[in-house]
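The structure file input27.cif is reproduced below (mmCIF, C-alpha atoms and all ligand atoms).
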data_model
loop_
_atom_site.label_atom_id
_atom_site.label_comp_id
_atom_site.auth_asym_id
_atom_site.auth_seq_id
_atom_site.Cartn_x
_atom_site.Cartn_y
_atom_site.Cartn_z
CA MET A 1 -44.67 -29.06 -2.19
CA SER A 2 -43.02 -25.69 -2.93
CA THR A 3 -41.00 -25.08 0.27
CA PRO A 4 -37.72 -26.99 0.67
CA PRO A 5 -38.28 -30.25 2.59
CA THR A 6 -35.98 -31.08 5.47
CA GLU A 7 -36.63 -34.83 5.62
CA LEU A 8 -34.76 -37.17 3.30
CA PHE A 9 -35.79 -40.76 2.72
CA LYS A 10 -33.58 -43.69 1.90
CA THR A 11 -33.94 -45.24 -1.53
CA THR A 12 -32.07 -47.47 -3.96
CA LEU A 13 -30.67 -46.35 -7.28
CA THR A 14 -32.38 -48.22 -10.10
CA ARG A 15 -30.53 -46.32 -12.83
CA HIS A 16 -26.97 -45.07 -13.05
CA GLU A 17 -26.03 -44.25 -16.63
CA GLU A 18 -23.21 -42.15 -18.08
CA ILE A 19 -24.95 -40.52 -21.06
CA SER A 20 -21.97 -38.39 -22.12
CA PRO A 21 -18.42 -38.18 -20.70
CA GLY A 22 -18.75 -37.05 -17.06
CA VAL A 23 -22.54 -36.62 -17.33
CA PHE A 24 -24.94 -39.05 -15.69
CA VAL A 25 -28.62 -39.84 -15.35
CA VAL A 26 -29.47 -41.50 -12.04
CA GLY A 27 -32.90 -42.64 -10.96
CA PHE A 28 -34.94 -44.47 -8.36
CA ILE A 29 -38.53 -45.70 -8.09
CA ARG A 30 -40.85 -42.67 -7.97
CA LYS A 31 -42.88 -42.45 -4.75
CA HIS A 32 -44.35 -38.95 -5.13
CA ASP A 33 -46.28 -36.91 -7.65
CA PHE A 34 -44.55 -33.77 -8.90
CA ILE A 35 -45.02 -30.86 -11.25
CA PRO A 36 -42.56 -30.95 -14.18
CA GLY A 37 -39.85 -28.39 -13.41
CA GLN A 38 -39.57 -29.29 -9.74
CA ALA A 39 -36.41 -30.54 -8.06
CA ILE A 40 -35.33 -32.92 -5.32
CA LYS A 41 -32.53 -32.94 -2.78
CA LEU A 42 -30.16 -35.86 -3.16
CA GLY A 43 -27.46 -37.00 -0.75
CA ILE A 44 -25.16 -39.98 -0.57
CA ASP A 45 -25.32 -40.40 3.21
CA GLU A 46 -27.19 -39.05 6.23
CA ILE A 47 -24.35 -36.83 7.44
CA ASN A 48 -23.25 -34.59 4.59
CA PRO A 49 -25.64 -32.01 3.15
CA PRO A 50 -27.54 -33.07 0.03
CA ARG A 51 -27.44 -31.14 -3.24
CA ILE A 52 -30.42 -30.00 -5.31
CA TYR A 53 -31.24 -31.54 -8.72
CA SER A 54 -34.02 -30.79 -11.17
CA ILE A 55 -36.08 -33.82 -12.07
CA CYS A 56 -35.48 -34.79 -15.70
CA SER A 57 -38.05 -37.59 -16.05
CA GLY A 58 -41.75 -37.47 -16.89
CA ASN A 59 -44.35 -37.06 -14.15
CA GLN A 60 -46.00 -40.40 -15.03
CA ASP A 61 -42.75 -42.37 -15.31
CA ASP A 62 -42.12 -45.21 -12.84
CA GLU A 63 -38.62 -43.90 -12.16
CA LEU A 64 -37.72 -40.42 -10.98
CA CYS A 65 -34.46 -39.37 -12.64
CA VAL A 66 -32.00 -36.50 -12.41
CA LEU A 67 -29.17 -35.40 -14.68
CA PHE A 68 -25.84 -34.20 -13.32
CA ASN A 69 -22.31 -33.48 -14.44
CA ILE A 70 -19.19 -34.09 -12.37
CA LYS A 71 -17.71 -31.04 -10.68
CA GLU A 72 -14.17 -32.35 -10.22
CA ASP A 73 -13.58 -30.30 -7.07
CA GLY A 74 -17.13 -30.73 -5.79
CA PHE A 75 -18.20 -32.84 -2.83
CA LEU A 76 -21.13 -34.89 -4.08
CA THR A 77 -20.89 -35.34 -7.84
CA PRO A 78 -17.54 -37.22 -8.00
CA LYS A 79 -18.86 -39.68 -5.39
CA LEU A 80 -22.28 -40.01 -7.01
CA ALA A 81 -20.57 -40.70 -10.34
CA ARG A 82 -18.74 -43.67 -8.80
CA MET A 83 -21.95 -45.25 -7.43
CA CYS A 84 -23.89 -48.02 -9.18
CA ALA A 85 -27.48 -49.17 -9.58
CA GLY A 86 -28.37 -50.93 -6.31
CA ASP A 87 -26.57 -48.39 -4.11
CA THR A 88 -28.40 -46.39 -1.44
CA VAL A 89 -29.05 -42.65 -1.74
CA TYR A 90 -31.07 -40.19 0.36
CA VAL A 91 -33.64 -38.07 -1.40
CA SER A 92 -36.35 -35.55 -0.57
CA PRO A 93 -39.87 -35.35 -1.95
CA PRO A 94 -40.09 -33.10 -5.03
CA TYR A 95 -40.42 -29.38 -4.35
CA GLY A 96 -39.87 -25.96 -5.92
CA THR A 97 -41.83 -23.39 -7.89
CA PHE A 98 -40.34 -23.72 -11.40
CA PHE A 99 -43.60 -25.10 -12.77
CA GLY A 100 -44.08 -26.15 -16.37
CA THR A 101 -47.55 -25.52 -17.82
CA GLU A 102 -49.49 -25.89 -21.07
CA HIS A 103 -49.09 -22.14 -21.70
CA PRO A 104 -47.03 -21.24 -24.83
CA ALA A 105 -43.44 -20.76 -23.76
CA TRP A 106 -39.80 -20.48 -24.70
CA TRP A 107 -37.58 -22.87 -22.78
CA ILE A 108 -34.03 -21.50 -22.50
CA ALA A 109 -31.28 -23.69 -21.04
CA THR A 110 -27.55 -24.10 -20.85
CA GLY A 111 -25.70 -27.30 -19.97
CA THR A 112 -27.49 -29.52 -17.45
CA GLY A 113 -30.13 -26.77 -17.16
CA ILE A 114 -31.93 -28.77 -19.87
CA ALA A 115 -33.13 -31.23 -17.16
CA PRO A 116 -36.46 -29.61 -16.18
CA PHE A 117 -37.40 -29.11 -19.85
CA ARG A 118 -36.83 -32.81 -20.53
CA SER A 119 -39.23 -33.48 -17.64
CA MET A 120 -41.78 -31.06 -19.14
CA LEU A 121 -41.46 -32.63 -22.60
CA ALA A 122 -41.67 -36.17 -21.20
CA SER A 123 -44.80 -35.10 -19.27
CA GLY A 124 -46.60 -34.05 -22.46
CA MET A 125 -46.03 -30.29 -22.30
CA GLY A 126 -44.27 -29.98 -25.69
CA GLN A 127 -47.16 -28.21 -27.47
CA ASN A 128 -46.49 -24.51 -28.24
CA LYS A 129 -42.96 -24.66 -26.91
CA LYS A 130 -39.69 -23.42 -28.38
CA LEU A 131 -36.46 -24.65 -26.82
CA VAL A 132 -32.98 -23.20 -27.10
CA HIS A 133 -30.15 -25.21 -25.53
CA GLY A 134 -26.65 -23.75 -25.29
CA VAL A 135 -23.63 -25.97 -24.66
CA ARG A 136 -19.86 -25.78 -25.02
CA HIS A 137 -19.31 -29.10 -26.84
CA LEU A 138 -21.37 -30.97 -29.41
CA ASN A 139 -21.75 -34.07 -27.19
CA GLN A 140 -23.57 -32.02 -24.54
CA PHE A 141 -26.97 -31.82 -26.26
CA TYR A 142 -28.47 -34.22 -23.70
CA PHE A 143 -31.76 -35.86 -24.78
CA GLY A 144 -31.23 -34.26 -28.22
CA ASN A 145 -33.08 -37.01 -30.11
CA GLU A 146 -36.11 -36.68 -27.86
CA PHE A 147 -36.24 -32.92 -28.32
CA THR A 148 -35.82 -33.28 -32.09
CA ASP A 149 -38.71 -35.79 -32.17
CA GLY A 150 -40.90 -33.79 -29.80
CA LEU A 151 -40.26 -30.21 -30.91
CA GLY A 152 -38.91 -30.50 -34.48
CA GLU A 153 -37.97 -27.09 -35.89
CA ASN A 154 -38.78 -25.47 -32.52
CA TYR A 155 -35.62 -27.05 -31.02
CA PHE A 156 -32.59 -24.77 -31.44
CA ARG A 157 -29.10 -25.91 -30.49
CA CYS A 158 -26.23 -23.48 -29.88
CA CYS A 159 -22.66 -24.74 -29.47
CA SER A 160 -20.01 -22.22 -28.47
CA ALA A 161 -16.94 -24.34 -29.38
CA LYS A 162 -17.71 -25.83 -32.79
CA PRO A 163 -20.13 -25.36 -35.66
CA MET A 164 -22.05 -28.31 -37.12
CA GLU A 165 -24.85 -28.64 -39.63
CA GLY A 166 -28.13 -27.94 -37.88
CA VAL A 167 -26.37 -26.40 -34.87
CA LEU A 168 -25.89 -22.67 -34.39
CA HIS A 169 -22.34 -21.61 -33.63
CA GLY A 170 -22.16 -19.41 -30.53
CA ARG A 171 -23.89 -18.81 -27.24
CA VAL A 172 -27.62 -18.60 -26.60
CA THR A 173 -27.62 -14.82 -26.05
CA PRO A 174 -26.69 -13.74 -29.63
CA PHE A 175 -29.25 -16.28 -30.89
CA LEU A 176 -31.97 -14.79 -28.67
CA GLU A 177 -30.85 -11.25 -29.55
CA SER A 178 -31.40 -12.04 -33.25
CA ARG A 179 -34.97 -13.31 -32.80
CA THR A 180 -37.85 -11.05 -33.79
CA ASP A 181 -40.66 -13.46 -32.85
CA PHE A 182 -40.92 -13.01 -29.08
CA SER A 183 -44.51 -12.58 -27.95
CA ARG A 184 -45.18 -10.54 -24.81
CA ASP A 185 -47.87 -13.07 -23.86
CA TRP A 186 -45.63 -16.13 -23.89
CA LYS A 187 -43.80 -17.39 -20.82
CA TYR A 188 -39.99 -17.48 -20.83
CA TYR A 189 -38.39 -20.19 -18.71
CA ILE A 190 -34.66 -19.88 -18.09
CA CYS A 191 -32.58 -22.61 -16.43
CA GLY A 192 -28.83 -22.80 -15.83
CA GLN A 193 -25.95 -20.82 -14.39
CA ALA A 194 -26.62 -17.46 -12.74
CA SER A 195 -24.60 -15.33 -15.20
CA MET A 196 -26.48 -16.74 -18.20
CA ALA A 197 -29.84 -16.38 -16.47
CA VAL A 198 -29.22 -12.72 -15.64
CA GLU A 199 -27.94 -11.96 -19.16
CA VAL A 200 -30.94 -13.65 -20.79
CA ARG A 201 -33.43 -12.05 -18.39
CA ASP A 202 -32.05 -8.57 -19.16
CA LEU A 203 -32.14 -9.29 -22.88
CA LEU A 204 -35.77 -10.40 -22.72
CA ILE A 205 -36.73 -7.32 -20.72
CA SER A 206 -34.97 -5.11 -23.30
CA LYS A 207 -37.14 -6.80 -25.95
CA GLY A 208 -40.30 -5.80 -24.07
CA ILE A 209 -41.10 -9.07 -22.30
CA PRO A 210 -42.91 -8.35 -18.99
CA PHE A 211 -40.87 -9.38 -15.97
CA ALA A 212 -43.82 -11.43 -14.72
CA ASN A 213 -43.53 -13.72 -17.76
CA ILE A 214 -39.89 -14.58 -17.07
CA ILE A 215 -39.44 -17.60 -14.79
CA THR A 216 -35.94 -18.51 -13.70
CA GLU A 217 -34.26 -21.51 -12.06
CA ILE A 218 -30.64 -20.83 -11.17
CA TYR A 219 -28.12 -23.64 -10.54
CA PHE A 220 -25.56 -22.47 -7.99
C1 LIG B 1 -32.55 -25.37 -7.91
C2 LIG B 1 -31.27 -26.09 -8.32
C3 LIG B 1 -31.34 -27.13 -9.22
C4 LIG B 1 -30.17 -27.77 -9.63
N1 LIG B 1 -30.27 -28.76 -10.55
C5 LIG B 1 -29.16 -29.34 -11.03
C6 LIG B 1 -29.25 -30.35 -12.07
O1 LIG B 1 -30.34 -30.73 -12.52
N2 LIG B 1 -28.08 -30.88 -12.51
C7 LIG B 1 -26.86 -30.48 -12.04
O2 LIG B 1 -25.82 -31.01 -12.51
N3 LIG B 1 -26.75 -29.55 -11.06
C8 LIG B 1 -27.87 -28.98 -10.55
N4 LIG B 1 -27.77 -28.04 -9.54
C9 LIG B 1 -26.43 -27.83 -8.92
C10 LIG B 1 -26.21 -28.91 -7.83
O3 LIG B 1 -27.11 -28.67 -6.74
C11 LIG B 1 -24.80 -28.93 -7.27
O4 LIG B 1 -24.45 -27.61 -6.88
C12 LIG B 1 -23.75 -29.46 -8.23
O5 LIG B 1 -24.08 -30.77 -8.68
C13 LIG B 1 -22.35 -29.53 -7.56
O6 LIG B 1 -22.40 -30.36 -6.43
P1 LIG B 1 -21.05 -30.90 -5.76
O7 LIG B 1 -21.37 -31.34 -4.38
O8 LIG B 1 -20.36 -31.88 -6.65
O9 LIG B 1 -20.14 -29.63 -5.74
P2 LIG B 1 -19.96 -28.60 -4.50
O10 LIG B 1 -19.20 -29.23 -3.41
O11 LIG B 1 -21.29 -28.05 -4.14
O12 LIG B 1 -19.10 -27.49 -5.20
C14 LIG B 1 -19.58 -26.84 -6.41
C15 LIG B 1 -18.52 -25.86 -6.88
O13 LIG B 1 -18.42 -24.80 -5.91
C16 LIG B 1 -17.09 -24.72 -5.45
N5 LIG B 1 -17.18 -24.46 -4.01
C17 LIG B 1 -17.63 -25.26 -3.04
N6 LIG B 1 -17.56 -24.66 -1.83
C18 LIG B 1 -17.06 -23.43 -2.06
C19 LIG B 1 -16.76 -22.31 -1.24
N7 LIG B 1 -16.95 -22.34 0.09
N8 LIG B 1 -16.27 -21.19 -1.81
C20 LIG B 1 -16.05 -21.13 -3.14
N9 LIG B 1 -16.31 -22.16 -3.98
C21 LIG B 1 -16.80 -23.28 -3.45
C22 LIG B 1 -16.47 -26.08 -5.73
O14 LIG B 1 -15.08 -25.95 -5.90
C23 LIG B 1 -17.16 -26.49 -7.01
O15 LIG B 1 -16.53 -25.98 -8.16
C24 LIG B 1 -28.91 -27.39 -9.12
C25 LIG B 1 -28.85 -26.37 -8.17
C26 LIG B 1 -30.01 -25.72 -7.78
C27 LIG B 1 -29.91 -24.61 -6.78
#

Can the structure from this file be put into structure tokens for me?
Ligand SMILES: Cc1cc2nc3c(=O)[nH]c(=O)nc-3n(C[C@H](O)[C@H](O)[C@H](O)COP(=O)(O)OP(=O)(O)OC[C@H]3O[C@@H](n4cnc5c(N)ncnc54)[C@H](O)[C@@H]3O)c2cc1C
Amino acid sequence: MSTPPTELFKTTLTRHEEISPGVFVVGFIRKHDFIPGQAIKLGIDEINPPRIYSICSGNQDDELCVLFNIKEDGFLTPKLARMCAGDTVYVSPPYGTFFGTEHPAWWIATGTGIAPFRSMLASGMGQNKKLVHGVRHLNQFYFGNEFTDGLGENYFRCCSAKPMEGVLHGRVTPFLESRTDFSRDWKYYICGQASMAVEVRDLLISKGIPFANIITEIYF
């Protein structure tokens, strides 16, 4: 499904795990097929509007999981963070058009924007992929061990606050600016906040990447 679904179905959380301070993976038994990169709507009751979350689990996994961080002044995330496995949530079937493929690609993410790329990796799409993940703090490289195992030297980590061995100091844009190995034929997937997505898109275009090869998922 690519158009946003309106119907939500009731399900039970089978996973509720704080993987880093204020950052959680929650999951429930998967009832639908999906294409890695797609999202679901998730709500905590039938009255208040749900929010959208990229799926972060593999497309053959028994559980369907999402990754979120608490927005202190937000409506849903503080409440979802206080829930437990066994609690009821309301979710939609997967949907969206941010589709991972076998085609060679750069995956470019900031913060929780790593979620769809974890789904792509866990679904066996790691061949011919290069990933750059930008975060503020060193404990925000979610699923870092899996990306190191799956992508090896094609996994680049950028931390804006602190340097560390094996981690580039700074934001993703200077890192991308410095690269001279961008192929016009590769796909460029960008996921995260709007300002980063626009900055990275413009940078890629300035490096000669055709607009049609830039695929963006913006978290708003
Ligand atoms: C396609 C897509 C995929 C996404 N995937 C993920 C994901 O995988 N992980 C993830 O963590 N997030 C993801 N998001 C973001 C997610 O949907 C929520 O927006 C986020 O979790 C915050 O939800 P909330 O209810 O806690 O906050 P909200 O109540 O939605 O508030 C979010 C922020 O906006 C501010 N705000 C709210 N209302 C207003 C207003 N009227 N005027 C000005 N400011 C306002 C709040 O103060 C807060 O800082 C995705 C979004 C999209 C569109």

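Of the residues under consideration (A:Ala109, A:Val132, A:Ile44, A:Ala122), A:Val132 shows the shortest atom-to-atom contact distance to Arg179 in chain A when counting only C-alpha atoms.
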
- Task: Residues within 9 Å of ligand LIG 1 (chain B) should be enumerated using only C-alpha atoms and all ligand atoms and returned as a PyMOL selection string.
- Result: chain A and resi 23-24+38-42+49-56+66-80+96+98+111-116+191-193+217-220

Emit as AutoDock Vina command-line options the padded axis-aligned box for all listed atoms of range 184-200 of chain A, 3 Å per side, with centre and edge lengths in Å to one decimal.
--center_x -36.2 --center_y -16.7 --center_z -18.8 --size_x 29.3 --size_y 18.3 --size_z 18.1

- Message: Neighbouring residues of Cys158 in chain A were defined as those with any atom within 8 Å, considering all atoms listed in the file; residues of the same chain fewer than 6 positions away were excluded. Please report them as a VMD selection string.
- Response: chain A and resid 132 to 135 167 to 172 175

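When all atoms listed in the file are used to measure the gap to Ile215 in chain A, the shortest distance among A:Thr88, A:Ser2, A:Thr11, A:Thr97 belongs to A:Thr97.
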
- Task: Would you list the residues near (-45.0, -21.3, -25.1), meaning any protein, DNA or RNA residue with an atom at most 8 Å from that point in file coordinates, counting all atoms listed in the file, as a list in words?
- Result: Glu102, His103, Pro104, Ala105, Trp106, Trp107, Gln127, Asn128, Lys129, Lys130, Trp186, Lys187 and Tyr188 of chain A

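Here CA of Asn145 in chain A stands at a distance of 25.9 Å from CA of Glu177 in chain A.
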
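Compared by their closest atoms to Leu8 in chain A, and using only C-alpha atoms, the residues A:Thr148, A:Ser92, A:Gln60, A:Ser20 rank with A:Ser92 nearest.
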